[in-house]
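J.: Handing over query30.cif, mmCIF, C-alpha atoms.
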data_my_file
#
loop_
_atom_site.label_atom_id
_atom_site.label_comp_id
_atom_site.auth_asym_id
_atom_site.auth_seq_id
_atom_site.Cartn_x
_atom_site.Cartn_y
_atom_site.Cartn_z
CA MET A 1 0.00 0.00 0.00
CA THR A 2 1.77 3.09 -1.16
CA GLY A 3 -0.37 6.12 -0.64
CA PRO A 4 0.13 9.39 -2.48
CA ALA A 5 2.67 11.77 -1.05
CA ARG A 6 1.07 13.86 1.64
CA PRO A 7 2.09 16.91 3.55
CA PRO A 8 3.12 16.20 7.13
CA ALA A 9 0.21 15.31 9.35
CA PRO A 10 -1.18 18.33 11.15
CA VAL A 11 -0.31 18.57 14.79
CA GLY A 12 -2.96 19.86 17.10
CA GLY A 13 -1.77 22.65 19.32
CA GLN A 14 -3.17 23.99 22.53
CA GLN A 15 -6.85 23.69 21.96
CA PRO A 16 -9.58 23.83 24.55
CA ALA A 17 -9.77 20.50 26.33
CA ASN A 18 -12.35 18.18 24.88
CA LEU A 19 -14.76 16.28 27.06
CA GLY A 20 -13.17 12.89 26.49
CA ASP A 21 -9.78 14.13 27.66
CA ILE A 22 -11.31 15.74 30.71
CA LEU A 23 -13.42 12.72 31.62
CA GLU A 24 -10.60 10.25 31.49
CA ARG A 25 -8.40 12.54 33.56
CA VAL A 26 -10.84 13.47 36.30
CA LEU A 27 -12.41 10.01 36.55
CA ASP A 28 -9.47 7.77 35.96
CA ARG A 29 -6.42 9.69 37.11
CA GLY A 30 -5.73 12.22 39.77
CA LEU A 31 -4.97 11.53 43.36
CA VAL A 32 -7.03 8.99 45.21
CA VAL A 33 -7.03 10.24 48.76
CA VAL A 34 -8.15 7.79 51.36
CA GLY A 35 -10.37 9.71 53.68
CA ASP A 36 -13.22 9.09 56.00
CA ILE A 37 -16.08 9.16 53.56
CA ARG A 38 -14.37 9.30 50.24
CA ILE A 39 -16.99 8.55 47.67
CA ASN A 40 -15.33 5.80 45.76
CA LEU A 41 -15.88 5.78 42.05
CA LEU A 42 -13.44 2.99 41.41
CA ASP A 43 -16.32 0.58 41.17
CA ILE A 44 -17.81 2.60 38.37
CA GLU A 45 -15.60 1.78 35.47
CA LEU A 46 -15.14 4.59 33.02
CA LEU A 47 -16.33 2.19 30.38
CA THR A 48 -19.55 1.72 32.24
CA ILE A 49 -20.08 5.43 32.30
CA LYS A 50 -19.42 5.61 28.60
CA LEU A 51 -21.94 2.89 27.98
CA ARG A 52 -24.42 4.51 30.30
CA LEU A 53 -23.95 7.69 28.33
CA LEU A 54 -25.18 5.87 25.30
CA VAL A 55 -28.07 4.30 27.10
CA ALA A 56 -29.08 7.46 28.86
CA SER A 57 -29.63 9.55 25.80
CA VAL A 58 -28.72 8.94 22.23
CA ASP A 59 -29.31 12.56 21.36
CA THR A 60 -26.95 13.75 24.04
CA ALA A 61 -24.41 11.15 23.03
CA ARG A 62 -24.53 12.44 19.47
CA GLU A 63 -23.95 15.95 20.71
CA LEU A 64 -20.84 14.63 22.39
CA GLY A 65 -19.76 13.03 19.14
CA ILE A 66 -20.62 9.60 20.44
CA ASP A 67 -22.13 7.72 17.54
CA TRP A 68 -19.68 4.90 17.15
CA TRP A 69 -22.25 2.30 16.25
CA GLU A 70 -22.74 4.00 12.93
CA HIS A 71 -19.26 4.09 11.53
CA ASP A 72 -16.65 2.77 13.88
CA ARG A 73 -15.24 -0.15 11.96
CA TRP A 74 -12.36 -0.75 14.31
CA LEU A 75 -14.44 -0.94 17.41
CA THR A 76 -17.01 -3.20 15.87
CA SER A 77 -14.73 -5.21 13.56
CA GLY A 78 -15.07 -8.31 15.74
CA GLN A 79 -18.81 -8.47 15.32
CA ALA A 80 -18.75 -7.14 11.79
CA THR A 81 -16.62 -10.07 10.69
CA GLU A 82 -19.21 -12.49 11.93
CA ARG A 83 -22.12 -10.87 10.18
CA ASP A 84 -20.51 -9.41 7.13
CA ASP A 85 -23.54 -9.78 4.93
CA ASP A 86 -24.12 -6.28 3.68
CA MET B 1 -23.41 11.84 55.72
CA THR B 2 -24.71 12.84 59.09
CA ASP B 3 -25.61 16.49 58.70
CA GLY B 4 -25.86 16.68 54.94
CA ARG B 5 -22.82 18.88 54.46
CA GLY B 6 -19.55 17.86 52.86
CA VAL B 7 -16.30 19.27 51.55
CA TRP B 8 -15.35 18.60 47.94
CA LEU B 9 -11.60 18.38 47.32
CA TYR B 10 -10.12 19.64 44.05
CA ALA B 11 -6.40 19.77 44.62
CA VAL B 12 -3.62 19.92 47.17
CA THR B 13 -0.94 22.57 46.74
CA ALA B 14 2.04 23.92 48.57
CA ASP B 15 1.36 26.82 50.88
CA GLY B 16 1.06 30.21 49.26
CA LEU B 17 -1.95 29.85 46.97
CA ASP B 18 -3.69 33.19 46.62
CA PRO B 19 -7.45 32.62 46.91
CA HIS B 20 -7.95 35.45 44.43
CA ASP B 21 -6.49 33.22 41.73
CA LEU B 22 -9.59 31.08 42.08
CA ALA B 23 -12.13 33.81 42.66
CA ASP B 24 -13.61 33.50 39.18
CA GLU B 25 -14.06 29.74 39.25
CA PRO B 26 -17.37 28.47 40.60
CA GLY B 27 -17.10 25.16 42.40
CA ILE B 28 -19.29 22.10 42.04
CA GLY B 29 -22.93 23.12 42.11
CA GLY B 30 -21.91 26.79 41.91
CA ALA B 31 -20.49 26.80 45.43
CA PRO B 32 -17.68 29.22 46.32
CA ILE B 33 -14.12 27.90 46.33
CA ARG B 34 -12.37 27.86 49.67
CA THR B 35 -8.75 27.26 50.44
CA LEU B 36 -7.71 25.54 53.60
CA ALA B 37 -4.17 25.69 54.91
CA ALA B 38 -2.74 23.12 57.26
CA ALA B 39 0.60 21.45 57.85
CA GLY B 40 2.34 23.68 55.31
CA LEU B 41 -0.03 22.61 52.54
CA THR B 42 -3.17 24.12 51.06
CA CYS B 43 -6.32 22.34 49.98
CA VAL B 44 -8.67 23.73 47.38
CA THR B 45 -12.23 22.83 48.35
CA SER B 46 -15.84 23.86 48.12
CA PRO B 47 -18.82 23.00 50.31
CA VAL B 48 -21.31 20.52 48.90
CA ASP B 49 -24.75 19.46 49.98
CA LEU B 50 -24.59 15.71 50.40
CA ARG B 51 -28.24 15.38 49.56
CA GLU B 52 -27.20 16.52 46.12
CA PHE B 53 -23.65 15.22 45.99
CA GLY B 54 -23.63 12.26 48.36
CA GLU B 55 -22.87 8.84 47.02
CA ASP B 56 -26.31 7.89 45.72
CA ALA B 57 -27.20 11.29 44.33
CA LEU B 58 -23.80 11.65 42.75
CA ARG B 59 -23.99 8.26 41.13
CA ARG B 60 -27.25 9.24 39.50
CA LYS B 61 -25.80 12.54 38.36
CA LEU B 62 -22.73 10.94 36.85
CA ASN B 63 -24.88 8.64 34.83
CA ASP B 64 -26.59 11.60 33.27
CA PRO B 65 -24.50 12.89 30.37
CA VAL B 66 -25.34 16.53 30.89
CA GLN B 67 -24.67 16.51 34.61
CA LEU B 68 -21.58 14.35 34.18
CA GLU B 69 -20.13 16.88 31.78
CA ALA B 70 -21.03 19.82 34.03
CA ILE B 71 -19.47 18.20 37.11
CA ALA B 72 -16.36 17.03 35.25
CA ARG B 73 -15.77 20.44 33.67
CA SER B 74 -16.43 22.24 36.93
CA HIS B 75 -13.94 20.07 38.78
CA HIS B 76 -11.39 20.37 35.99
CA ASN B 77 -11.73 24.15 35.70
CA VAL B 78 -10.94 24.62 39.37
CA VAL B 79 -8.04 22.17 39.22
CA ALA B 80 -6.68 23.88 36.10
CA ALA B 81 -6.96 27.37 37.61
CA THR B 82 -5.14 26.10 40.68
CA ALA B 83 -2.39 24.47 38.63
CA ARG B 84 -1.91 27.68 36.63
CA ALA B 85 -1.22 29.52 39.88
CA VAL B 86 0.90 27.05 41.86
CA PRO B 87 2.19 23.48 41.64
CA ALA B 88 -0.80 21.29 42.40
CA VAL B 89 -1.75 17.68 42.99
CA PRO B 90 -5.15 17.14 41.34
CA ALA B 91 -7.68 15.09 43.29
CA ARG B 92 -9.81 12.56 41.53
CA LEU B 93 -13.39 13.55 40.83
CA ALA B 94 -15.75 13.11 43.77
CA THR B 95 -13.33 13.12 46.68
CA VAL B 96 -15.60 14.33 49.46
CA TYR B 97 -15.11 14.74 53.22
CA HIS B 98 -17.40 15.41 56.14
CA ASP B 99 -15.83 18.69 57.15
CA ALA B 100 -12.80 20.93 56.83
CA GLY B 101 -11.31 19.59 60.04
CA ARG B 102 -10.97 16.16 58.52
CA VAL B 103 -9.30 17.58 55.45
CA ALA B 104 -6.81 19.38 57.70
CA ALA B 105 -6.16 16.15 59.58
CA LEU B 106 -5.58 14.39 56.30
CA LEU B 107 -3.07 17.01 55.20
CA ALA B 108 -1.11 16.61 58.41
CA GLN B 109 -1.25 12.84 58.26
CA ARG B 110 -0.18 12.53 54.62
CA ARG B 111 2.10 15.53 54.47
CA ALA B 112 5.16 13.57 53.33
CA ASP B 113 3.26 11.95 50.46
CA PHE B 114 1.80 15.21 49.18
CA THR B 115 5.12 16.98 49.49
CA ALA B 116 6.79 14.27 47.42
CA VAL B 117 4.22 14.54 44.63
CA LEU B 118 4.40 18.33 44.69
CA ALA B 119 8.17 18.13 44.33
CA ARG B 120 7.72 15.86 41.31
CA VAL B 121 5.34 18.21 39.50
CA THR B 122 6.92 21.56 40.44
CA GLY B 123 8.34 23.36 37.40
CA ARG B 124 6.79 20.76 35.13
CA THR B 125 3.63 20.48 33.10
CA GLU B 126 1.67 17.52 31.81
CA TRP B 127 1.21 17.33 28.04
CA GLY B 128 -0.92 14.79 26.25
CA VAL B 129 -0.08 13.34 22.87
CA ARG B 130 -2.61 11.23 21.06
CA ALA B 131 -1.82 9.35 17.90
CA TYR B 132 -4.46 8.15 15.49
CA ALA B 133 -3.94 5.57 12.77
CA THR B 134 -4.77 7.48 9.63
CA ALA B 135 -7.33 6.23 7.15
CA GLN B 136 -4.43 5.61 4.79
CA ALA B 137 -2.91 3.16 7.23
CA ALA B 138 -6.19 1.41 7.89
CA ALA B 139 -7.50 1.22 4.32
CA PRO B 140 -8.04 -2.34 3.08
CA PRO B 141 -6.62 -3.26 -0.34
CA PRO B 142 -8.95 -2.92 -3.32
CA ALA B 143 -11.05 -6.04 -3.78
CA ALA B 144 -10.75 -8.07 -6.98
CA ALA B 145 -14.02 -6.89 -8.39
CA GLU B 146 -14.37 -9.44 -11.20
CA ASN B 147 -14.39 -12.32 -8.75
CA THR B 148 -17.07 -11.13 -6.40
CA GLY B 149 -19.56 -13.61 -7.83
CA SER B 150 -17.69 -16.55 -6.41
CA GLY B 151 -18.03 -17.52 -2.80
CA THR B 152 -14.44 -18.73 -2.67
CA ALA B 153 -13.18 -15.49 -4.16
CA TYR B 154 -15.23 -13.60 -1.65
CA LEU B 155 -13.64 -15.48 1.20
CA LEU B 156 -10.16 -15.01 -0.24
CA ASN B 157 -10.76 -11.30 -0.65
CA ARG B 158 -12.15 -11.07 2.82
CA ARG B 159 -9.15 -12.86 4.24
CA ALA B 160 -6.76 -10.56 2.35
CA GLU B 161 -8.64 -7.57 3.65
CA LEU B 162 -8.41 -8.76 7.21
CA ARG B 163 -4.72 -9.56 6.81
CA ALA B 164 -4.02 -6.10 5.38
CA ALA B 165 -5.98 -4.44 8.15
CA ASP B 166 -4.09 -6.50 10.71
CA SER B 167 -0.77 -5.57 9.18
CA ALA B 168 -1.70 -1.87 9.06
CA ARG B 169 -2.73 -2.09 12.69
CA ARG B 170 0.61 -3.61 13.66
CA ALA B 171 2.51 -0.95 11.70
CA SER B 172 0.55 1.82 13.42
CA ALA B 173 1.12 0.25 16.82
CA HIS B 174 4.84 0.04 16.10
CA SER B 175 4.99 3.70 15.06
CA ALA B 176 3.07 4.64 18.18
CA THR B 177 5.66 2.86 20.31
CA VAL B 178 8.47 4.70 18.53
CA VAL B 179 6.74 8.04 19.13
CA HIS B 180 6.06 7.28 22.78
CA THR B 181 9.68 6.22 23.36
CA ALA B 182 11.02 9.38 21.74
CA LEU B 183 8.71 11.64 23.75
CA SER B 184 9.40 9.76 26.99
CA ARG B 185 13.11 10.53 26.59
CA LEU B 186 12.31 14.25 26.75
CA ALA B 187 10.01 13.93 29.74
CA ALA B 188 10.69 13.66 33.45
CA ALA B 189 7.98 10.98 33.56
CA ALA B 190 5.67 9.41 31.02
CA ARG B 191 2.53 7.29 30.98
CA SER B 192 0.90 5.35 28.20
CA HIS B 193 -2.81 5.31 28.93
CA PRO B 194 -5.30 3.01 27.21
CA PRO B 195 -6.38 4.56 23.92
CA GLN B 196 -9.76 6.26 24.04
CA SER B 197 -12.59 4.66 22.14
CA THR B 198 -13.77 6.44 19.04
CA GLN B 199 -17.09 7.03 20.77
CA LEU B 200 -15.29 9.20 23.27
CA THR B 201 -13.00 10.97 20.81
CA GLY B 202 -15.59 11.54 18.10
CA GLU B 203 -12.84 10.78 15.59
CA ALA B 204 -13.23 8.29 12.77
CA ASP B 205 -9.61 7.17 13.08
CA THR B 206 -8.53 4.73 15.77
CA MET B 207 -6.39 6.03 18.59
CA VAL B 208 -3.19 4.02 18.91
CA LEU B 209 -1.36 6.13 21.48
CA ASN B 210 -2.75 8.02 24.45
CA GLY B 211 0.41 9.28 26.09
CA ALA B 212 0.91 11.68 28.97
CA TYR B 213 4.26 13.36 29.55
CA LEU B 214 5.47 15.36 32.52
CA VAL B 215 7.81 17.86 30.90
CA ASP B 216 10.15 20.41 32.48
CA ASP B 217 8.73 23.82 31.66
CA ASP B 218 11.98 24.94 30.07
CA LYS B 219 11.70 21.99 27.67
CA ALA B 220 8.10 22.69 26.63
CA ASP B 221 9.11 24.24 23.30
CA GLN B 222 11.48 21.41 22.56
CA PHE B 223 8.74 18.93 23.36
CA ALA B 224 6.32 20.66 20.97
CA ALA B 225 8.94 20.74 18.24
CA THR B 226 9.66 17.05 18.73
CA VAL B 227 5.98 16.22 18.39
CA ALA B 228 5.96 18.12 15.08
CA ASP B 229 9.09 16.28 13.89
CA LEU B 230 7.62 12.92 14.80
CA ALA B 231 4.40 13.81 12.98
CA ALA B 232 6.44 14.50 9.85
CA GLN B 233 8.31 11.21 10.20
CA HIS B 234 5.29 9.00 10.80
CA LEU B 235 2.75 9.64 8.09
CA THR B 236 0.65 6.64 9.04
CA LEU B 237 -0.09 8.44 12.30
CA ARG B 238 -1.88 11.67 13.02
CA LEU B 239 -0.46 13.24 16.16
CA HIS B 240 -2.37 15.58 18.38
CA ARG B 241 -0.82 17.37 21.31
CA THR B 242 -3.07 18.49 24.15
CA GLY B 243 -2.36 20.63 27.16
CA PRO B 244 -1.06 22.19 29.23
CA TRP B 245 -2.76 19.91 31.74
CA PRO B 246 -2.64 19.81 35.52
CA ALA B 247 -0.52 16.79 36.41
CA TYR B 248 -3.46 14.38 36.59
CA SER B 249 -1.43 11.49 35.24
CA PHE B 250 1.39 11.99 37.71
CA ALA B 251 -0.57 12.58 40.89
CA ALA B 252 -0.31 9.07 42.31
CA VAL B 253 1.24 9.16 45.76
CA THR B 254 2.60 5.70 45.29
CA GLU B 255 3.64 4.47 41.89
CA PRO B 256 1.58 1.61 40.53
CA GLU B 257 3.19 -1.72 41.30
CA THR B 258 2.95 -2.98 37.76
CA PRO B 259 4.01 -0.58 35.03
CA THR B 260 1.38 -0.02 32.39
#
Output the structure of this file as structure tokens.
T.:
Amino acid sequence: MTGPARPPAPVGGQQPANLGDILERVLDRGLVVVGDIRINLLDIELLTIKLRLLVASVDTARELGIDWWEHDRWLTSGQATERDDD
Amino acid sequence: MTDGRGVWLYAVTADGLDPHDLADEPGIGGAPIRTLAAAGLTCVTSPVDLREFGEDALRRKLNDPVQLEAIARSHHNVVAATARAVPAVPARLATVYHDAGRVAALLAQRRADFTAVLARVTGRTEWGVRAYATAQAAAPPPAAAENTGSGTAYLLNRRAELRAADSARRASAHSATVVHTALSRLAAAARSHPPQSTQLTGEADTMVLNGAYLVDDDKADQFAATVADLAAQHLTLRLHRTGPWPAYSFAAVTEPETPT
């Protein structure tokens, strides 16, 4: 596969933080401080929240750019292989 | 959750944070930001009503996309404003205490840990670099159109497609490793986080690197230039630098036992 010559890939600079970047940082990173009544979100996997996002409201998910079921070949390639009939 | 009041923790900083630096940032639920000094450290907090932000209520809120975004952005904005002003250890979302006294006790008790993390992040900034496999890298080879009538040909084509996709995926993964290694050399510390799903990024291309780099501030320009160089060298990847970030990825008091 030799593609046509292309200019160097654009490099994103300092843009406003997108929601995905913020969510993974505030939910999945950052200091876990053991305290007296720390509300522990470790049992809520980030993935679960992502999935709940989809379940909660498709319209909202779309506004967040979450519409993977329509055109995400990589994510769905496992299933797509099994039912590749279109 | 005895009296319905709690203290939401955003970040821990060294002493010397000017509360005016945070005056413009509303806290969770619009509450005013308060700083609390103890044991030579400062906590950035705001009061929360536990009927609204206690465990059950918060769980419901976080499962609502609109409220999740509002809470996450609110928390992040305060953390970011803090980190712009002074070296800061970001707290994970939804770290809540009964009262300020317990936060002060925590500061005293864990002083050595916080001081160590603050020393690690002082004079440094977290930068994110994401790499996406470009459509060019992921494109399957053209199918042999004249053979599509045959079931065998279909299967052969399909197998070739899958093999090409697999090979493109491996090539992208290899390039991502090269990029991460090069950037890690410039950084005081580096993390390779799991790539975000396309549903979270909103990008059609697959993320193959989700790196975080703690970079000395006097090397920030060099780091940016290196990202640009690497982008020019790896045309099967699309690189995207994000930041400056508070040091979310480097806030762990104890390093994870197994490297990721």
J.: Could you pull the residues within 7 Å of stretch 28-34 of chain B, counting only C-alpha atoms, minus those fewer than 5 positions along the same chain, as a PDB file with C-alpha atoms, keeping the file's coordinate frame?
T.:
ATOM      1  CA  LEU B  22      -9.590  31.080  42.080  1.00  0.00           C
ATOM      2  CA  VAL B  44      -8.670  23.730  47.380  1.00  0.00           C
ATOM      3  CA  THR B  45     -12.230  22.830  48.350  1.00  0.00           C
ATOM      4  CA  SER B  46     -15.840  23.860  48.120  1.00  0.00           C
ATOM      5  CA  PRO B  47     -18.820  23.000  50.310  1.00  0.00           C
ATOM      6  CA  ILE B  71     -19.470  18.200  37.110  1.00  0.00           C
ATOM      7  CA  SER B  74     -16.430  22.240  36.930  1.00  0.00           C
ATOM      8  CA  HIS B  75     -13.940  20.070  38.780  1.00  0.00           C
TER       9      HIS B  75
END
J.: Measure the distance from atom CA of B:Trp127 to atom CA of B:Arg110 in Å and round it to one decimal.
T.: 27.0 Å
J.: Within 8 Å of chain A, which residues of chain B are there when counting all atoms listed in the file? Please give them as a ChimeraX atom specification.
T.: /B:54-55,62-66,69,72-73,75-76,89-98,102,106,136,141,196-202,204,206,227-228,231-233,235,237-244,247-253
J.: Provide the atom CA of B:Tyr10 to atom CA of B:Thr42 distance in Å, to one decimal place.
T.: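 Result for atom CA of B:Tyr10 versus atom CA of B:Thr42: 10.8 Å, one decimal.
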J.: To one decimal in Å, tell me the separation between atom CA of B:Ala105 and atom CA of B:Arg5.
T.: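 Computing the Euclidean distance for atom CA of B:Ala105 and atom CA of B:Arg5 yields 17.6 Å.
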J.: Quick check on the file I pasted: which residues fall under the PyMOL selection byres ((chain B and resi 104) around 9)? Write them as a VMD selection string.
T.: chain B and resid 36 to 39 42 to 43 100 to 103 105 to 109
J.: Could you tell me which residues the PyMOL selection byres ((chain B and resi 190-193) around 8) grabs in this file, written as a PDB file with C-alpha atoms, in the frame of the given file?
T.:
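What follows is the written file out08.pdb:
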ATOM      1  CA  HIS B 180       6.060   7.280  22.780  1.00  0.00           C
ATOM      2  CA  SER B 184       9.400   9.760  26.990  1.00  0.00           C
ATOM      3  CA  ALA B 187      10.010  13.930  29.740  1.00  0.00           C
ATOM      4  CA  ALA B 188      10.690  13.660  33.450  1.00  0.00           C
ATOM      5  CA  ALA B 189       7.980  10.980  33.560  1.00  0.00           C
ATOM      6  CA  PRO B 194      -5.300   3.010  27.210  1.00  0.00           C
ATOM      7  CA  PRO B 195      -6.380   4.560  23.920  1.00  0.00           C
ATOM      8  CA  LEU B 209      -1.360   6.130  21.480  1.00  0.00           C
ATOM      9  CA  ASN B 210      -2.750   8.020  24.450  1.00  0.00           C
ATOM     10  CA  GLY B 211       0.410   9.280  26.090  1.00  0.00           C
ATOM     11  CA  ALA B 212       0.910  11.680  28.970  1.00  0.00           C
ATOM     12  CA  TYR B 213       4.260  13.360  29.550  1.00  0.00           C
ATOM     13  CA  LEU B 214       5.470  15.360  32.520  1.00  0.00           C
ATOM     14  CA  SER B 249      -1.430  11.490  35.240  1.00  0.00           C
ATOM     15  CA  THR B 260       1.380  -0.020  32.390  1.00  0.00           C
TER      16      THR B 260
END
